[in-house]
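Scroll down for the structure; my scribbles are underneath it.
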Amino acid sequence: YMIHILLNGSSGNMGKTFCEYIEKSNDKCEHSSNFDILYAIDKENSDLFNKIQIKPDVIIDFSTPQATFLALDYAVQNLIPVVIATTGFSQSDEDKIKEFSEAIPIFKSSNMSQGIHIFSNLASTLAKKLNSINPNVDIEIIEKHHRNKIDAPSGTALMLANSINKKCSISSIRGGGLVGEHSVLFLGENETIEITHTAYSRNIYVEGALDAARFIITKKNGLFSME
């Protein structure tokens with residue numbers, strides 16, 4: 001059966017990639033061809049939320065924190081599941097999203113790549129093991145993104161720091177057309193271990209968001225993550 005999407009943030013880098021991906025998949029009848037984009041909303045046409053006639057099955061949000069809440073208001077009024085792939089939320093925003101999730105199912109991740117979550121678990125395990133050998137090991141996170149990325153540090157870098165659960169500092173680099181690279185460095189007196197995740201295409205985030213959409217439309221309410 002067809003899953004009808006409302007895409008919020010359609011003219012951003014991720015929104016454009018998302019639309020292209022769905023279009024190509026439907027042409028080729030691929031893995032994601034049971035999805036279609038019913039509405040594509042961005043800041044230029046955000047009043048479309050008031051004019052929606054056919055209810056979408058799911059909202060996928062690659063926008064800005066302010067625009068996410070426009071989508072959430074509509075979603076709660078109409079009981080529609082939401083996948084939030086937007087980053088840069090404040091703590092009070094996070095608290096509001098948690099409140100919304102009491103009424104509707106919300107899947108929220110600051111990185112939709114499944115690989116980055118394996119990477120995050122690996123960083124967390126390494127930190128624990130190294131800490132037991134050497135509590136003085138320094139941990140640094142370096143993240144690199146394209147010049148137009150608004151938030152720094154990235155949501156993924158903050159997620160990595162959180163999973164490591166030990167004081168670590170984050171360096172952010174912005175330039176060129178880099179899709180995204182995250183490195184975690186464990187620096188001892190006489191040795192260093194470094195692990196890196198590199199995204200070569202934004203398609204990994206589209207595929208993750210579609211998997212999240214398949215998952216979330218089966219839920220009644222609650223806040224879900226990659227874990």
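Residues in the structure tokens are numbered from 1 in each chain, the chains being A, B, ... in the order shown, and ligands are numbered from 1 in the order shown.
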Select from chain A everything DSSP, run on the backbone, classes as strand (DSSP E or B), then give the selection as JSON, numbers by chain. {"A": [3, 4, 5, 6, 7, 8, 35, 36, 37, 38, 39, 40, 41, 58, 59, 60, 61, 82, 83, 84, 105, 106, 107, 108, 138, 139, 140, 141, 142, 143, 144, 145, 169, 170, 171, 172, 173, 174, 180, 181, 182, 183, 184, 185, 186, 187, 192, 193, 194, 195, 196, 197, 198, 199, 222, 223, 224]}
Using the selection just defined, write its residues with C-alpha atoms as a PDB file, in the first residue's frame.
ATOM      1  CA  ILE A   3       2.293   5.696   2.383  1.00  0.00           C
ATOM      2  CA  HIS A   4       1.487   9.377   1.827  1.00  0.00           C
ATOM      3  CA  ILE A   5       4.076  11.820   3.189  1.00  0.00           C
ATOM      4  CA  LEU A   6       3.907  15.453   4.170  1.00  0.00           C
ATOM      5  CA  LEU A   7       7.502  16.668   3.777  1.00  0.00           C
ATOM      6  CA  ASN A   8       8.319  19.683   5.941  1.00  0.00           C
ATOM      7  CA  PHE A  35       5.953   6.212  -0.590  1.00  0.00           C
ATOM      8  CA  ASP A  36       4.697   9.337  -2.250  1.00  0.00           C
ATOM      9  CA  ILE A  37       4.946  13.009  -1.304  1.00  0.00           C
ATOM     10  CA  LEU A  38       1.434  14.337  -0.868  1.00  0.00           C
ATOM     11  CA  TYR A  39       2.538  17.792   0.311  1.00  0.00           C
ATOM     12  CA  ALA A  40       5.922  19.532   0.167  1.00  0.00           C
ATOM     13  CA  ILE A  41       5.991  22.458   2.588  1.00  0.00           C
ATOM     14  CA  VAL A  58       3.135  10.588   8.201  1.00  0.00           C
ATOM     15  CA  ILE A  59       5.056  13.873   8.433  1.00  0.00           C
ATOM     16  CA  ILE A  60       8.788  13.790   7.724  1.00  0.00           C
ATOM     17  CA  ASP A  61      10.517  16.891   9.017  1.00  0.00           C
ATOM     18  CA  VAL A  82       5.957  12.530  12.837  1.00  0.00           C
ATOM     19  CA  VAL A  83       9.596  11.761  11.993  1.00  0.00           C
ATOM     20  CA  ILE A  84      11.803  14.640  13.201  1.00  0.00           C
ATOM     21  CA  PRO A 105       3.963   8.937  17.965  1.00  0.00           C
ATOM     22  CA  ILE A 106       7.185  10.864  17.262  1.00  0.00           C
ATOM     23  CA  PHE A 107      10.444   9.391  15.967  1.00  0.00           C
ATOM     24  CA  LYS A 108      13.294  11.817  16.646  1.00  0.00           C
ATOM     25  CA  ASP A 138      41.435  12.911  26.559  1.00  0.00           C
ATOM     26  CA  ILE A 139      38.465  12.647  24.199  1.00  0.00           C
ATOM     27  CA  GLU A 140      37.986  15.062  21.311  1.00  0.00           C
ATOM     28  CA  ILE A 141      35.211  15.117  18.711  1.00  0.00           C
ATOM     29  CA  ILE A 142      35.794  16.752  15.330  1.00  0.00           C
ATOM     30  CA  GLU A 143      32.857  17.304  12.994  1.00  0.00           C
ATOM     31  CA  LYS A 144      33.020  18.668   9.443  1.00  0.00           C
ATOM     32  CA  HIS A 145      30.048  19.833   7.356  1.00  0.00           C
ATOM     33  CA  SER A 169      35.330  18.914  23.625  1.00  0.00           C
ATOM     34  CA  ILE A 170      33.946  19.397  20.115  1.00  0.00           C
ATOM     35  CA  SER A 171      35.569  21.177  17.159  1.00  0.00           C
ATOM     36  CA  SER A 172      33.343  22.218  14.241  1.00  0.00           C
ATOM     37  CA  ILE A 173      34.556  22.808  10.696  1.00  0.00           C
ATOM     38  CA  ARG A 174      32.306  24.372   8.039  1.00  0.00           C
ATOM     39  CA  GLY A 180      29.211  15.140   6.985  1.00  0.00           C
ATOM     40  CA  GLU A 181      32.178  13.635   8.795  1.00  0.00           C
ATOM     41  CA  HIS A 182      32.491  12.846  12.509  1.00  0.00           C
ATOM     42  CA  SER A 183      35.678  11.679  14.226  1.00  0.00           C
ATOM     43  CA  VAL A 184      36.178  10.700  17.854  1.00  0.00           C
ATOM     44  CA  LEU A 185      39.787  10.813  19.093  1.00  0.00           C
ATOM     45  CA  PHE A 186      40.954   9.092  22.284  1.00  0.00           C
ATOM     46  CA  LEU A 187      44.280  10.726  23.161  1.00  0.00           C
ATOM     47  CA  THR A 192      45.889   7.660  20.112  1.00  0.00           C
ATOM     48  CA  ILE A 193      42.838   5.814  18.828  1.00  0.00           C
ATOM     49  CA  GLU A 194      40.657   7.553  16.245  1.00  0.00           C
ATOM     50  CA  ILE A 195      37.373   6.368  14.741  1.00  0.00           C
ATOM     51  CA  THR A 196      35.616   8.181  11.891  1.00  0.00           C
ATOM     52  CA  HIS A 197      32.256   8.045  10.144  1.00  0.00           C
ATOM     53  CA  THR A 198      32.016   9.703   6.736  1.00  0.00           C
ATOM     54  CA  ALA A 199      28.764  10.305   4.851  1.00  0.00           C
ATOM     55  CA  GLY A 222       5.349   8.030  22.459  1.00  0.00           C
ATOM     56  CA  LEU A 223       8.832   9.341  21.690  1.00  0.00           C
ATOM     57  CA  PHE A 224      11.090   6.929  19.760  1.00  0.00           C
TER      58      PHE A 224
END
What parts of range 123-183 of chain A does DSSP call helix (DSSP H, G or I)? I'd like the answer as a VMD selection string. chain A and resid 123 to 133 155 to 164
Please dump the current selection as a PDB file, in the first residue's frame; keep N, CA, C and O atoms.
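Output contents, as saved in part32.pdb:
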ATOM      1  N   ALA A 123      31.801   4.182  19.892  1.00  0.00           N
ATOM      2  CA  ALA A 123      32.516   5.249  20.616  1.00  0.00           C
ATOM      3  C   ALA A 123      32.269   5.132  22.117  1.00  0.00           C
ATOM      4  O   ALA A 123      33.180   5.282  22.934  1.00  0.00           O
ATOM      5  N   SER A 124      31.024   4.832  22.475  1.00  0.00           N
ATOM      6  CA  SER A 124      30.645   4.695  23.881  1.00  0.00           C
ATOM      7  C   SER A 124      31.376   3.510  24.534  1.00  0.00           C
ATOM      8  O   SER A 124      31.909   3.613  25.636  1.00  0.00           O
ATOM      9  N   THR A 125      31.412   2.367  23.831  1.00  0.00           N
ATOM     10  CA  THR A 125      32.097   1.170  24.334  1.00  0.00           C
ATOM     11  C   THR A 125      33.603   1.420  24.483  1.00  0.00           C
ATOM     12  O   THR A 125      34.211   1.062  25.497  1.00  0.00           O
ATOM     13  N   LEU A 126      34.187   2.054  23.471  1.00  0.00           N
ATOM     14  CA  LEU A 126      35.625   2.369  23.509  1.00  0.00           C
ATOM     15  C   LEU A 126      35.961   3.277  24.691  1.00  0.00           C
ATOM     16  O   LEU A 126      36.948   3.063  25.390  1.00  0.00           O
ATOM     17  N   ALA A 127      35.105   4.289  24.907  1.00  0.00           N
ATOM     18  CA  ALA A 127      35.333   5.242  26.007  1.00  0.00           C
ATOM     19  C   ALA A 127      35.355   4.509  27.345  1.00  0.00           C
ATOM     20  O   ALA A 127      36.229   4.755  28.183  1.00  0.00           O
ATOM     21  N   LYS A 128      34.408   3.588  27.535  1.00  0.00           N
ATOM     22  CA  LYS A 128      34.331   2.831  28.802  1.00  0.00           C
ATOM     23  C   LYS A 128      35.579   1.963  28.986  1.00  0.00           C
ATOM     24  O   LYS A 128      36.167   1.929  30.064  1.00  0.00           O
ATOM     25  N   LYS A 129      35.962   1.246  27.926  1.00  0.00           N
ATOM     26  CA  LYS A 129      37.119   0.346  28.015  1.00  0.00           C
ATOM     27  C   LYS A 129      38.405   1.135  28.301  1.00  0.00           C
ATOM     28  O   LYS A 129      39.204   0.760  29.141  1.00  0.00           O
ATOM     29  N   LEU A 130      38.593   2.238  27.544  1.00  0.00           N
ATOM     30  CA  LEU A 130      39.810   3.033  27.726  1.00  0.00           C
ATOM     31  C   LEU A 130      39.850   3.706  29.087  1.00  0.00           C
ATOM     32  O   LEU A 130      40.903   3.821  29.707  1.00  0.00           O
ATOM     33  N   ASN A 131      38.697   4.140  29.551  1.00  0.00           N
ATOM     34  CA  ASN A 131      38.598   4.810  30.849  1.00  0.00           C
ATOM     35  C   ASN A 131      39.010   3.866  31.985  1.00  0.00           C
ATOM     36  O   ASN A 131      39.615   4.279  32.969  1.00  0.00           O
ATOM     37  N   SER A 132      38.683   2.575  31.815  1.00  0.00           N
ATOM     38  CA  SER A 132      39.039   1.603  32.862  1.00  0.00           C
ATOM     39  C   SER A 132      40.552   1.363  32.898  1.00  0.00           C
ATOM     40  O   SER A 132      41.118   1.033  33.925  1.00  0.00           O
ATOM     41  N   ILE A 133      41.223   1.555  31.746  1.00  0.00           N
ATOM     42  CA  ILE A 133      42.677   1.382  31.689  1.00  0.00           C
ATOM     43  C   ILE A 133      43.379   2.690  32.084  1.00  0.00           C
ATOM     44  O   ILE A 133      44.348   2.700  32.828  1.00  0.00           O
ATOM     45  N   GLY A 155      24.167  18.299  15.636  1.00  0.00           N
ATOM     46  CA  GLY A 155      23.354  17.473  16.537  1.00  0.00           C
ATOM     47  C   GLY A 155      23.986  16.109  16.750  1.00  0.00           C
ATOM     48  O   GLY A 155      23.927  15.533  17.845  1.00  0.00           O
ATOM     49  N   THR A 156      24.640  15.593  15.698  1.00  0.00           N
ATOM     50  CA  THR A 156      25.292  14.279  15.793  1.00  0.00           C
ATOM     51  C   THR A 156      26.481  14.328  16.753  1.00  0.00           C
ATOM     52  O   THR A 156      26.685  13.415  17.546  1.00  0.00           O
ATOM     53  N   ALA A 157      27.269  15.417  16.680  1.00  0.00           N
ATOM     54  CA  ALA A 157      28.423  15.560  17.591  1.00  0.00           C
ATOM     55  C   ALA A 157      27.947  15.607  19.039  1.00  0.00           C
ATOM     56  O   ALA A 157      28.546  14.990  19.925  1.00  0.00           O
ATOM     57  N   LEU A 158      26.846  16.322  19.279  1.00  0.00           N
ATOM     58  CA  LEU A 158      26.285  16.397  20.643  1.00  0.00           C
ATOM     59  C   LEU A 158      25.791  15.031  21.091  1.00  0.00           C
ATOM     60  O   LEU A 158      25.956  14.638  22.245  1.00  0.00           O
ATOM     61  N   MET A 159      25.178  14.282  20.149  1.00  0.00           N
ATOM     62  CA  MET A 159      24.708  12.924  20.451  1.00  0.00           C
ATOM     63  C   MET A 159      25.891  12.021  20.805  1.00  0.00           C
ATOM     64  O   MET A 159      25.824  11.241  21.762  1.00  0.00           O
ATOM     65  N   LEU A 160      26.992  12.149  20.051  1.00  0.00           N
ATOM     66  CA  LEU A 160      28.194  11.349  20.331  1.00  0.00           C
ATOM     67  C   LEU A 160      28.763  11.688  21.706  1.00  0.00           C
ATOM     68  O   LEU A 160      29.093  10.798  22.487  1.00  0.00           O
ATOM     69  N   ALA A 161      28.847  12.987  22.004  1.00  0.00           N
ATOM     70  CA  ALA A 161      29.373  13.427  23.307  1.00  0.00           C
ATOM     71  C   ALA A 161      28.522  12.869  24.438  1.00  0.00           C
ATOM     72  O   ALA A 161      29.033  12.402  25.461  1.00  0.00           O
ATOM     73  N   ASN A 162      27.223  12.866  24.216  1.00  0.00           N
ATOM     74  CA  ASN A 162      26.275  12.362  25.209  1.00  0.00           C
ATOM     75  C   ASN A 162      26.454  10.860  25.426  1.00  0.00           C
ATOM     76  O   ASN A 162      26.408  10.366  26.549  1.00  0.00           O
ATOM     77  N   SER A 163      26.680  10.123  24.334  1.00  0.00           N
ATOM     78  CA  SER A 163      26.815   8.662  24.446  1.00  0.00           C
ATOM     79  C   SER A 163      28.139   8.275  25.117  1.00  0.00           C
ATOM     80  O   SER A 163      28.247   7.247  25.768  1.00  0.00           O
ATOM     81  N   ILE A 164      29.164   9.123  24.959  1.00  0.00           N
ATOM     82  CA  ILE A 164      30.468   8.847  25.571  1.00  0.00           C
ATOM     83  C   ILE A 164      30.402   9.069  27.084  1.00  0.00           C
ATOM     84  O   ILE A 164      31.081   8.414  27.857  1.00  0.00           O
TER      85      ILE A 164
END
Between A:Tyr74, A:Tyr21, A:Tyr1, A:Phe62, which one has atoms that come closest to Asp47 in chain A, using only C-alpha atoms?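 Smallest distance to Asp47 in chain A is found for A:Tyr74.
Between CA of Gly176 in chain A and CA of Arg147 in chain A the separation is 5.5 Å.
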Distance query Pro65 in chain A at most 9 Å, only C-alpha atoms, self and fewer than 6 positions along chain excluded, as a PDB file with C-alpha atoms, in the first residue's frame:
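Just written: part_11.pdb:
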ATOM      1  CA  THR A  86      15.753  18.459  12.319  1.00  0.00           C
ATOM      2  CA  THR A  87      18.528  19.536  14.708  1.00  0.00           C
ATOM      3  CA  GLY A  88      19.332  22.629  16.779  1.00  0.00           C
ATOM      4  CA  PHE A  89      16.533  22.358  19.375  1.00  0.00           C
ATOM      5  CA  SER A  90      16.868  24.052  22.772  1.00  0.00           C
ATOM      6  CA  ASP A  93      12.006  22.646  22.637  1.00  0.00           C
TER       7      ASP A  93
END
Could you work out how far CA of Ala213 in chain A lies from CA of Ser201 in chain A, giving the answer in Å with one decimal? 19.9 Å
Looking at A:Ala75, A:Leu122, A:Met2, A:Met112, which one is nearest to Val206 in chain A, with distances taken over only C-alpha atoms?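 Closest to Val206 in chain A of all the choices is A:Met112.
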To one decimal place in Å, what is the distance between CA of Ser101 in chain A and CA of Phe49 in chain A?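 It comes out at 19.5 Å.
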